[in-house]
>>> print(open('my_file-v2.cif').read())   # mmCIF, C-alpha atoms
data_final
#
loop_
_atom_site.label_atom_id
_atom_site.label_comp_id
_atom_site.auth_asym_id
_atom_site.auth_seq_id
_atom_site.Cartn_x
_atom_site.Cartn_y
_atom_site.Cartn_z
CA MET A 1 13.31 -108.81 149.34
CA ASP A 2 10.81 -107.50 146.80
CA ALA A 3 8.95 -104.20 147.13
CA VAL A 4 5.65 -105.78 148.22
CA LEU A 5 7.24 -107.73 151.05
CA ARG A 6 9.31 -104.72 152.08
CA GLU A 7 6.16 -102.62 152.41
CA LYS A 8 4.47 -105.37 154.46
CA PHE A 9 7.56 -105.53 156.65
CA GLU A 10 7.43 -101.80 157.38
CA LEU A 11 3.74 -102.00 158.25
CA PHE A 12 4.46 -105.02 160.45
CA LYS A 13 7.04 -103.05 162.43
CA GLU A 14 4.46 -100.30 162.95
CA TYR A 15 2.01 -102.91 164.23
CA VAL A 16 4.58 -104.28 166.69
CA SER A 17 5.33 -100.77 167.93
CA THR A 18 1.66 -99.90 168.39
CA VAL A 19 0.35 -103.14 169.93
CA GLY A 20 3.48 -104.14 171.81
CA GLY A 21 4.66 -100.71 172.86
CA GLU A 22 3.96 -101.31 176.56
CA GLY A 23 6.04 -104.46 176.56
CA VAL A 24 5.57 -107.89 175.00
CA VAL A 25 6.38 -111.51 175.84
CA VAL A 26 6.97 -113.50 172.65
CA ALA A 27 6.02 -117.19 172.75
CA PHE A 28 9.30 -118.64 171.53
CA SER A 29 10.40 -122.06 170.28
CA GLY A 30 13.47 -121.35 168.17
CA GLY A 31 11.52 -122.16 165.01
CA VAL A 32 11.38 -119.79 162.06
CA ASP A 33 8.00 -118.18 162.89
CA SER A 34 8.67 -117.36 166.53
CA SER A 35 12.32 -116.48 165.92
CA THR A 36 11.51 -113.99 163.17
CA LEU A 37 8.76 -112.49 165.32
CA ALA A 38 11.13 -112.21 168.28
CA ALA A 39 13.85 -110.64 166.14
CA ILE A 40 11.51 -107.96 164.83
CA CYS A 41 10.08 -107.28 168.30
CA HIS A 42 13.62 -106.88 169.64
CA MET A 43 14.49 -104.60 166.73
CA VAL A 44 11.45 -102.38 167.32
CA LEU A 45 10.98 -102.54 171.10
CA GLY A 46 14.44 -103.27 172.49
CA GLU A 47 14.31 -104.33 176.15
CA ARG A 48 10.51 -104.06 176.14
CA ALA A 49 10.43 -107.39 174.31
CA VAL A 50 11.45 -110.77 175.76
CA ALA A 51 11.33 -114.33 174.42
CA ALA A 52 9.86 -117.10 176.55
CA VAL A 53 10.19 -120.81 175.78
CA ALA A 54 8.03 -123.50 177.37
CA GLN A 55 9.76 -126.44 179.03
CA SER A 56 7.93 -129.70 179.70
CA LEU A 57 7.90 -133.33 178.63
CA ILE A 58 5.88 -132.57 175.51
CA HIS A 59 8.85 -130.76 173.98
CA ALA A 60 11.81 -132.58 172.45
CA SER A 61 14.81 -132.53 174.76
CA GLU A 62 16.98 -130.68 172.23
CA GLU A 63 14.54 -127.81 171.65
CA LEU A 64 15.43 -125.80 174.76
CA LEU A 65 19.11 -125.66 173.80
CA THR A 66 18.19 -124.64 170.25
CA ALA A 67 15.83 -121.93 171.48
CA GLU A 68 18.45 -120.54 173.87
CA ARG A 69 21.04 -120.45 171.09
CA VAL A 70 18.71 -118.65 168.66
CA ALA A 71 17.63 -116.13 171.32
CA GLY A 72 21.30 -115.39 171.89
CA GLU A 73 21.77 -114.93 168.16
CA ILE A 74 18.92 -112.39 168.15
CA GLY A 75 20.06 -110.71 171.37
CA ILE A 76 16.62 -110.79 172.98
CA PRO A 77 16.23 -111.46 176.74
CA PHE A 78 15.32 -115.12 177.23
CA TYR A 79 13.06 -116.77 179.80
CA VAL A 80 12.02 -120.37 180.43
CA VAL A 81 8.50 -121.08 181.69
CA GLN A 82 7.50 -124.45 183.11
CA THR A 83 4.22 -125.74 181.71
CA SER A 84 2.32 -128.72 183.10
CA GLU A 85 0.17 -130.14 180.31
CA LEU A 86 0.23 -133.64 181.80
CA SER A 87 -1.71 -132.42 184.83
CA ASP A 88 -4.68 -131.66 182.56
CA SER A 89 -6.88 -134.72 182.04
CA PHE A 90 -8.43 -133.18 178.92
CA PHE A 91 -5.00 -132.81 177.32
CA CYS A 92 -3.95 -136.34 178.31
CA ALA A 93 -7.16 -137.80 176.83
CA ASN A 94 -5.66 -136.79 173.46
CA SER A 95 -8.77 -135.85 171.52
CA GLU A 96 -8.46 -134.11 168.16
CA ASN A 97 -8.69 -130.72 169.91
CA ARG A 98 -5.80 -131.57 172.26
CA CYS A 99 -3.84 -128.52 171.09
CA TYR A 100 -6.50 -126.23 172.53
CA PHE A 101 -5.66 -127.35 176.06
CA CYS A 102 -1.92 -127.20 175.41
CA LYS A 103 -2.10 -123.65 174.06
CA LYS A 104 -4.36 -122.57 176.91
CA GLU A 105 -1.78 -123.79 179.44
CA LEU A 106 1.03 -122.01 177.60
CA ILE A 107 -0.88 -118.74 177.32
CA GLY A 108 -1.64 -118.78 181.04
CA CYS A 109 2.06 -119.16 181.87
CA LEU A 110 3.12 -116.47 179.41
CA LYS A 111 0.54 -113.99 180.70
CA GLN A 112 1.77 -114.64 184.22
CA LEU A 113 5.33 -113.84 183.12
CA ALA A 114 4.12 -110.70 181.33
CA GLY A 115 2.45 -109.53 184.54
CA GLN A 116 5.62 -110.14 186.56
CA LEU A 117 7.61 -108.06 184.07
CA GLY A 118 5.03 -105.28 183.98
CA PHE A 119 4.35 -105.94 180.28
CA LYS A 120 0.99 -105.59 178.58
CA VAL A 121 0.69 -108.25 175.87
CA VAL A 122 1.74 -111.67 174.62
CA PHE A 123 2.59 -112.35 170.97
CA GLU A 124 2.48 -115.87 169.52
CA GLY A 125 3.71 -117.09 166.16
CA THR A 126 0.82 -118.68 164.29
CA ASN A 127 1.17 -117.64 160.65
CA PHE A 128 -1.54 -116.97 158.08
CA SER A 129 -0.78 -120.20 156.18
CA ASP A 130 -1.44 -122.22 159.35
CA LEU A 131 -5.10 -121.26 159.37
CA SER A 132 -5.80 -123.49 156.38
CA GLY A 133 -5.00 -126.54 158.53
CA HIS A 134 -6.33 -128.12 161.72
CA ARG A 135 -5.51 -125.53 164.40
CA PRO A 136 -7.64 -126.01 167.54
CA GLY A 137 -4.93 -124.25 169.54
CA PHE A 138 -5.68 -121.01 167.74
CA ARG A 139 -9.10 -120.92 169.41
CA ALA A 140 -7.33 -120.52 172.76
CA VAL A 141 -5.50 -117.50 171.33
CA GLU A 142 -8.73 -115.95 170.08
CA GLU A 143 -10.35 -116.42 173.50
CA SER A 144 -7.49 -114.76 175.42
CA LEU A 145 -7.34 -111.08 176.30
CA ASP A 146 -4.14 -109.24 175.32
CA VAL A 147 -2.80 -112.20 173.32
CA PHE A 148 -2.11 -111.51 169.65
CA SER A 149 -0.95 -113.37 166.53
CA PRO A 150 0.87 -110.67 164.54
CA TRP A 151 1.59 -112.89 161.52
CA VAL A 152 -2.11 -113.73 161.20
CA VAL A 153 -3.29 -110.16 161.72
CA ASN A 154 -0.89 -108.91 159.05
CA LYS A 155 -1.49 -111.91 156.72
CA PHE A 156 2.08 -113.19 156.48
CA SER A 157 2.46 -116.59 154.85
CA LYS A 158 5.07 -119.13 155.92
CA ASP A 159 7.09 -118.43 152.79
CA GLU A 160 7.09 -114.68 153.44
CA ILE A 161 8.29 -115.26 157.01
CA ARG A 162 11.14 -117.44 155.75
CA GLN A 163 12.11 -114.66 153.34
CA LEU A 164 12.12 -112.15 156.19
CA ALA A 165 14.16 -114.50 158.38
CA LYS A 166 16.77 -114.85 155.63
CA TYR A 167 16.81 -111.07 155.10
CA LEU A 168 17.37 -110.59 158.84
CA GLY A 169 20.24 -113.09 158.79
CA LEU A 170 18.60 -115.66 161.07
CA SER A 171 20.22 -119.09 160.94
CA VAL A 172 16.82 -120.78 161.27
CA TYR A 173 15.32 -119.30 158.09
CA ASP A 174 15.13 -122.76 156.48
CA LYS A 175 14.58 -124.81 159.65
CA PRO A 176 11.93 -127.55 159.32
CA SER A 177 8.66 -127.05 161.16
CA LEU A 178 8.37 -128.10 164.81
CA ALA A 179 5.54 -129.83 166.64
CA CYS A 180 5.23 -131.05 170.19
CA LEU A 181 5.86 -134.70 171.00
CA ALA A 182 2.20 -135.27 171.83
CA SER A 183 1.48 -134.93 168.11
CA ARG A 184 3.25 -138.28 167.61
CA ILE A 185 0.71 -140.23 169.68
CA SER A 186 -2.47 -141.57 168.07
CA PHE A 187 -5.57 -139.55 168.87
CA ASN A 188 -7.61 -140.96 171.74
CA GLN A 189 -4.62 -142.93 173.02
CA GLN A 190 -3.70 -141.64 176.48
CA ILE A 191 -0.70 -139.31 176.57
CA THR A 192 1.76 -140.39 179.27
CA GLU A 193 5.23 -139.42 180.38
CA GLU A 194 6.50 -142.84 179.30
CA LYS A 195 5.21 -142.44 175.73
CA LEU A 196 6.58 -138.92 175.35
CA VAL A 197 10.05 -139.93 176.54
CA ARG A 198 10.02 -142.98 174.28
CA VAL A 199 9.11 -140.94 171.20
CA ASP A 200 11.73 -138.29 172.03
CA ASN A 201 14.45 -140.93 172.38
CA ALA A 202 13.28 -142.75 169.26
CA GLU A 203 13.46 -139.66 167.06
CA ARG A 204 16.91 -138.77 168.35
CA ALA A 205 18.05 -142.33 167.64
CA VAL A 206 16.68 -142.35 164.07
CA ARG A 207 18.33 -139.00 163.32
CA ALA A 208 21.66 -140.16 164.75
CA ILE A 209 21.62 -143.48 162.87
CA SER A 210 20.41 -142.23 159.50
CA GLY A 211 21.48 -138.58 159.28
CA ALA A 212 17.92 -137.53 158.36
CA VAL A 213 16.89 -134.07 159.57
CA GLN A 214 13.08 -134.11 159.49
CA VAL A 215 12.05 -137.20 161.48
CA ARG A 216 8.79 -138.19 163.11
CA VAL A 217 8.20 -141.42 165.00
CA ARG A 218 4.44 -141.80 165.29
CA ASP A 219 3.26 -144.03 168.12
CA HIS A 220 0.21 -146.12 167.20
CA ASP A 221 -0.34 -147.93 170.48
CA GLY A 222 3.17 -149.35 170.48
CA LEU A 223 3.66 -149.53 166.71
CA ALA A 224 6.31 -147.06 165.54
CA ARG A 225 5.57 -145.45 162.16
CA ILE A 226 8.65 -143.57 160.98
CA GLU A 227 8.19 -140.57 158.71
CA VAL A 228 11.06 -138.73 157.05
CA SER A 229 11.23 -136.28 154.16
CA ARG A 230 11.14 -138.08 150.81
CA ASP A 231 14.43 -136.32 150.02
CA ASP A 232 15.99 -138.43 152.81
CA PHE A 233 14.63 -141.80 151.69
CA ALA A 234 18.03 -142.74 150.23
CA LEU A 235 19.54 -142.57 153.71
CA PHE A 236 17.49 -145.64 154.62
CA CYS A 237 18.45 -147.80 151.63
CA SER A 238 20.67 -149.97 153.77
CA VAL A 239 19.96 -153.15 155.71
CA ALA A 240 22.55 -152.03 158.28
CA VAL A 241 20.64 -148.79 158.92
CA TRP A 242 17.35 -150.62 159.26
CA ASP A 243 18.87 -153.16 161.61
CA GLN A 244 20.17 -150.40 163.88
CA VAL A 245 16.85 -148.53 163.81
CA VAL A 246 14.83 -151.65 164.61
CA VAL A 247 17.11 -152.73 167.45
CA GLU A 248 17.03 -149.25 169.00
CA LEU A 249 13.26 -148.76 168.78
CA LEU A 250 12.44 -152.24 170.06
CA TRP A 251 14.81 -151.63 172.96
CA LEU A 252 12.93 -148.40 173.72
CA GLY A 253 9.70 -150.35 174.05
CA PHE A 254 8.01 -150.29 170.67
CA ARG A 255 6.56 -153.65 169.62
CA TYR A 256 6.66 -153.06 165.85
CA VAL A 257 8.70 -150.73 163.62
CA THR A 258 7.37 -149.51 160.26
CA PHE A 259 8.35 -146.91 157.65
CA ASP A 260 5.75 -144.68 155.96
CA LEU A 261 6.46 -144.69 152.21
CA ARG A 262 4.34 -141.56 151.76
CA GLY A 263 6.99 -139.58 153.62
CA TYR A 264 6.75 -136.88 156.25
CA VAL A 265 3.45 -134.98 156.34
CA SER A 266 2.65 -132.36 158.96
CA GLY A 267 -0.36 -133.43 161.00
CA SER A 268 -0.38 -136.94 159.57
CA MET A 269 -2.15 -138.30 162.66
CA LEU A 270 -5.28 -136.61 161.28
CA ARG A 271 -4.74 -138.49 158.03
CA ALA A 272 -4.38 -141.68 160.04
CA VAL A 273 -7.77 -140.99 161.65
CA ASP A 274 -9.34 -140.44 158.23
CA ASP A 275 -7.78 -143.71 157.02
CA GLY A 276 -9.19 -145.57 160.03
CA PHE A 277 -5.71 -146.34 161.41
#
>>> encode(input="my_file-v2.cif", output="structure tokens")
Amino acid sequence: MDAVLREKFELFKEYVSTVGGEGVVVAFSGGVDSSTLAAICHMVLGERAVAAVAQSLIHASEELLTAERVAGEIGIPFYVVQTSELSDSFFCANSENRCYFCKKELIGCLKQLAGQLGFKVVFEGTNFSDLSGHRPGFRAVEESLDVFSPWVVNKFSKDEIRQLAKYLGLSVYDKPSLACLASRISFNQQITEEKLVRVDNAERAVRAISGAVQVRVRDHDGLARIEVSRDDFALFCSVAVWDQVVVELLWLGFRYVTFDLRGYVSGSMLRAVDDGF
């Protein structure tokens, strides 16, 4: 770690101690941003910091196990909060500001947990690089009392957080970015339990068949658009692989199966809107 990042790290620990000194609940997913934040909070605050992961149908079925494993690796106390995004008609309508309603639901549950524990604040893991993209969920953070985004406040980029995670010995330092399953469904198409379960099962099937790590199955009203990292394209250069993928996804209820030759792009549903798809 270079001298500049080391100095930022020391200042970051001071920030955590000052703002989170009366106890903090860290919004946790097991991804690199929230895991690094949780590790530093645990390092600075000890038992006055806990990690809390949201559990609901919008999260891939494997994420809870991953989050629990990473929390154990860090040594931070771990809680599961049940969120109910599908009870919110605004969320289910799936407009381009859908993430605002999702984040608002999560923050409410985390603040409730903080109150039960006698803690003062909630930390969440938006990083400074995120702000250059489409982040309606961040508005919910800005509107909430005693909810902070330490990476944003201290201007830590995604790359700097990965460097810190590696320095701290976290196994997730190079983990691909996460996004909730609702992000796979075309904007303005209703979000339903059936669609979320189908996408979750489809992505697990594509990963199992191909061996690809970063997989998205975008649901365009029953048309499956598969995105993988361009580095993994070679894994799909087989008729046998395609046959298995097609059979599995049609069985799950998709009517058509396609492959996006542009590769995986975070937030590509926004690009699809711009393209008129």
>>> resolve_selection(input="my_file-v2.cif", expression="the PyMOL selection byres ((chain A and resi 113-128) around 7)", output="count of residues only")
28
>>> atom_distance(input="my_file-v2.cif", atom1="atom CA of A:Ala182", atom2="atom CA of A:Ser132")
21.0 Å
>>> resolve_selection(input="my_file-v2.cif", expression="the PyMOL selection byres ((chain A and resi 35) around 10)", output="VMD selection string")
chain A and resid 26 to 34 36 to 41 51 67 70 to 71 73 to 74 125 161 165 170 to 173
>>> write_last_selection(input="my_file-v2.cif", atoms="C-alpha atoms", output="CSV table (one decimal), in the frame of the given file")
chain,number,residue,atom,x,y,z
A,26,VAL,CA,7.0,-113.5,172.6
A,27,ALA,CA,6.0,-117.2,172.8
A,28,PHE,CA,9.3,-118.6,171.5
A,29,SER,CA,10.4,-122.1,170.3
A,30,GLY,CA,13.5,-121.4,168.2
A,31,GLY,CA,11.5,-122.2,165.0
A,32,VAL,CA,11.4,-119.8,162.1
A,33,ASP,CA,8.0,-118.2,162.9
A,34,SER,CA,8.7,-117.4,166.5
A,36,THR,CA,11.5,-114.0,163.2
A,37,LEU,CA,8.8,-112.5,165.3
A,38,ALA,CA,11.1,-112.2,168.3
A,39,ALA,CA,13.8,-110.6,166.1
A,40,ILE,CA,11.5,-108.0,164.8
A,41,CYS,CA,10.1,-107.3,168.3
A,51,ALA,CA,11.3,-114.3,174.4
A,67,ALA,CA,15.8,-121.9,171.5
A,70,VAL,CA,18.7,-118.6,168.7
A,71,ALA,CA,17.6,-116.1,171.3
A,73,GLU,CA,21.8,-114.9,168.2
A,74,ILE,CA,18.9,-112.4,168.2
A,125,GLY,CA,3.7,-117.1,166.2
A,161,ILE,CA,8.3,-115.3,157.0
A,165,ALA,CA,14.2,-114.5,158.4
A,170,LEU,CA,18.6,-115.7,161.1
A,171,SER,CA,20.2,-119.1,160.9
A,172,VAL,CA,16.8,-120.8,161.3
A,173,TYR,CA,15.3,-119.3,158.1
>>> resolve_selection(input="my_file-v2.cif", expression="the PyMOL selection byres ((chain A and resi 138) around 10)", output="PyMOL selection string")
chain A and resi 99-100+103-104+124+126+130-131+134-137+139-143+149
>>> atom_distance(input="my_file-v2.cif", atom1="atom CA of A:Glu227", atom2="atom CA of A:Glu96")
20.2 Å
>>> closest_residue(input="my_file-v2.cif", among="A:Ser56, A:Ser183, A:Gln163, A:Ser238", to="A:Glu85", atoms="only C-alpha atoms")
A:Ser56
>>> closest_residue(input="my_file-v2.cif", among="A:Gly133, A:Gln189, A:Asn201, A:Leu164", to="A:Glu10", atoms="only C-alpha atoms")
A:Leu164
>>> residues_near_point(input="my_file-v2.cif", point="(5.7, -150.4, 165.6)", cutoff="7 Å", atoms="all atoms listed in the file", output="tab-separated table (two decimals) with C-alpha atoms, keeping the file's coordinate frame")
chain	number	residue	atom	x	y	z
A	222	GLY	CA	3.17	-149.35	170.48
A	223	LEU	CA	3.66	-149.53	166.71
A	224	ALA	CA	6.31	-147.06	165.54
A	225	ARG	CA	5.57	-145.45	162.16
A	254	PHE	CA	8.01	-150.29	170.67
A	255	ARG	CA	6.56	-153.65	169.62
A	256	TYR	CA	6.66	-153.06	165.85
A	257	VAL	CA	8.70	-150.73	163.62
A	258	THR	CA	7.37	-149.51	160.26
>>> closest_residue(input="my_file-v2.cif", among="A:Val44, A:Val4, A:Leu86, A:Leu64", to="A:Thr192", atoms="all atoms listed in the file")
A:Leu86
>>> atom_distance(input="my_file-v2.cif", atom1="atom CA of A:Val217", atom2="atom CA of A:Thr83")
23.3 Å
>>> closest_residue(input="my_file-v2.cif", among="A:Arg6, A:Arg204, A:Arg198, A:Arg184", to="A:Glu63", atoms="only C-alpha atoms")
A:Arg204
>>> closest_atom_pairs(input="my_file-v2.cif", of="stretch 132-228 of chain A", to="stretch 239-252 of chain A", cutoff="12 Å", atoms="only C-alpha atoms", output="JSON lines")
{"residue": "A:Glu194", "atom": "CA", "partner": "A:Leu252", "partner_atom": "CA", "distance": 10.2}
{"residue": "A:Lys195", "atom": "CA", "partner": "A:Leu252", "partner_atom": "CA", "distance": 10.0}
{"residue": "A:Leu196", "atom": "CA", "partner": "A:Leu252", "partner_atom": "CA", "distance": 11.5}
{"residue": "A:Val197", "atom": "CA", "partner": "A:Leu252", "partner_atom": "CA", "distance": 9.4}
{"residue": "A:Arg198", "atom": "CA", "partner": "A:Leu252", "partner_atom": "CA", "distance": 6.2}
{"residue": "A:Val199", "atom": "CA", "partner": "A:Leu252", "partner_atom": "CA", "distance": 8.8}
{"residue": "A:Asp200", "atom": "CA", "partner": "A:Leu252", "partner_atom": "CA", "distance": 10.3}
{"residue": "A:Asn201", "atom": "CA", "partner": "A:Leu252", "partner_atom": "CA", "distance": 7.7}
{"residue": "A:Ala202", "atom": "CA", "partner": "A:Leu249", "partner_atom": "CA", "distance": 6.0}
{"residue": "A:Glu203", "atom": "CA", "partner": "A:Leu249", "partner_atom": "CA", "distance": 9.3}
{"residue": "A:Arg204", "atom": "CA", "partner": "A:Glu248", "partner_atom": "CA", "distance": 10.5}
{"residue": "A:Ala205", "atom": "CA", "partner": "A:Glu248", "partner_atom": "CA", "distance": 7.1}
{"residue": "A:Val206", "atom": "CA", "partner": "A:Val245", "partner_atom": "CA", "distance": 6.2}
{"residue": "A:Arg207", "atom": "CA", "partner": "A:Val245", "partner_atom": "CA", "distance": 9.7}
{"residue": "A:Ala208", "atom": "CA", "partner": "A:Val245", "partner_atom": "CA", "distance": 9.7}
{"residue": "A:Ile209", "atom": "CA", "partner": "A:Val241", "partner_atom": "CA", "distance": 6.7}
{"residue": "A:Ser210", "atom": "CA", "partner": "A:Val241", "partner_atom": "CA", "distance": 6.6}
{"residue": "A:Gly211", "atom": "CA", "partner": "A:Val241", "partner_atom": "CA", "distance": 10.3}
{"residue": "A:Ala212", "atom": "CA", "partner": "A:Val241", "partner_atom": "CA", "distance": 11.6}
{"residue": "A:Val217", "atom": "CA", "partner": "A:Leu249", "partner_atom": "CA", "distance": 9.7}
{"residue": "A:Arg218", "atom": "CA", "partner": "A:Leu249", "partner_atom": "CA", "distance": 11.8}
{"residue": "A:Asp219", "atom": "CA", "partner": "A:Leu249", "partner_atom": "CA", "distance": 11.1}
{"residue": "A:Gly222", "atom": "CA", "partner": "A:Leu250", "partner_atom": "CA", "distance": 9.7}
{"residue": "A:Leu223", "atom": "CA", "partner": "A:Leu250", "partner_atom": "CA", "distance": 9.8}
{"residue": "A:Ala224", "atom": "CA", "partner": "A:Leu249", "partner_atom": "CA", "distance": 7.9}
{"residue": "A:Arg225", "atom": "CA", "partner": "A:Leu249", "partner_atom": "CA", "distance": 10.7}
{"residue": "A:Ile226", "atom": "CA", "partner": "A:Val245", "partner_atom": "CA", "distance": 10.0}
>>> residues_near_point(input="my_file-v2.cif", point="(15.9, -106.2, 177.2)", cutoff="10 Å", atoms="only C-alpha atoms", output="mmCIF file with C-alpha atoms, in the frame of the given file")
data_model
loop_
_atom_site.group_PDB
_atom_site.id
_atom_site.type_symbol
_atom_site.label_atom_id
_atom_site.label_comp_id
_atom_site.auth_asym_id
_atom_site.auth_seq_id
_atom_site.Cartn_x
_atom_site.Cartn_y
_atom_site.Cartn_z
ATOM 1 C CA HIS A 42 13.620 -106.880 169.640
ATOM 2 C CA LEU A 45 10.980 -102.540 171.100
ATOM 3 C CA GLY A 46 14.440 -103.270 172.490
ATOM 4 C CA GLU A 47 14.310 -104.330 176.150
ATOM 5 C CA ARG A 48 10.510 -104.060 176.140
ATOM 6 C CA ALA A 49 10.430 -107.390 174.310
ATOM 7 C CA VAL A 50 11.450 -110.770 175.760
ATOM 8 C CA ALA A 51 11.330 -114.330 174.420
ATOM 9 C CA GLY A 75 20.060 -110.710 171.370
ATOM 10 C CA ILE A 76 16.620 -110.790 172.980
ATOM 11 C CA PRO A 77 16.230 -111.460 176.740
ATOM 12 C CA PHE A 78 15.320 -115.120 177.230
#
>>> closest_residue(input="my_file-v2.cif", among="A:Ile107, A:Asn154, A:Ile58, A:Cys92", to="A:Leu11", atoms="all atoms listed in the file")
A:Asn154
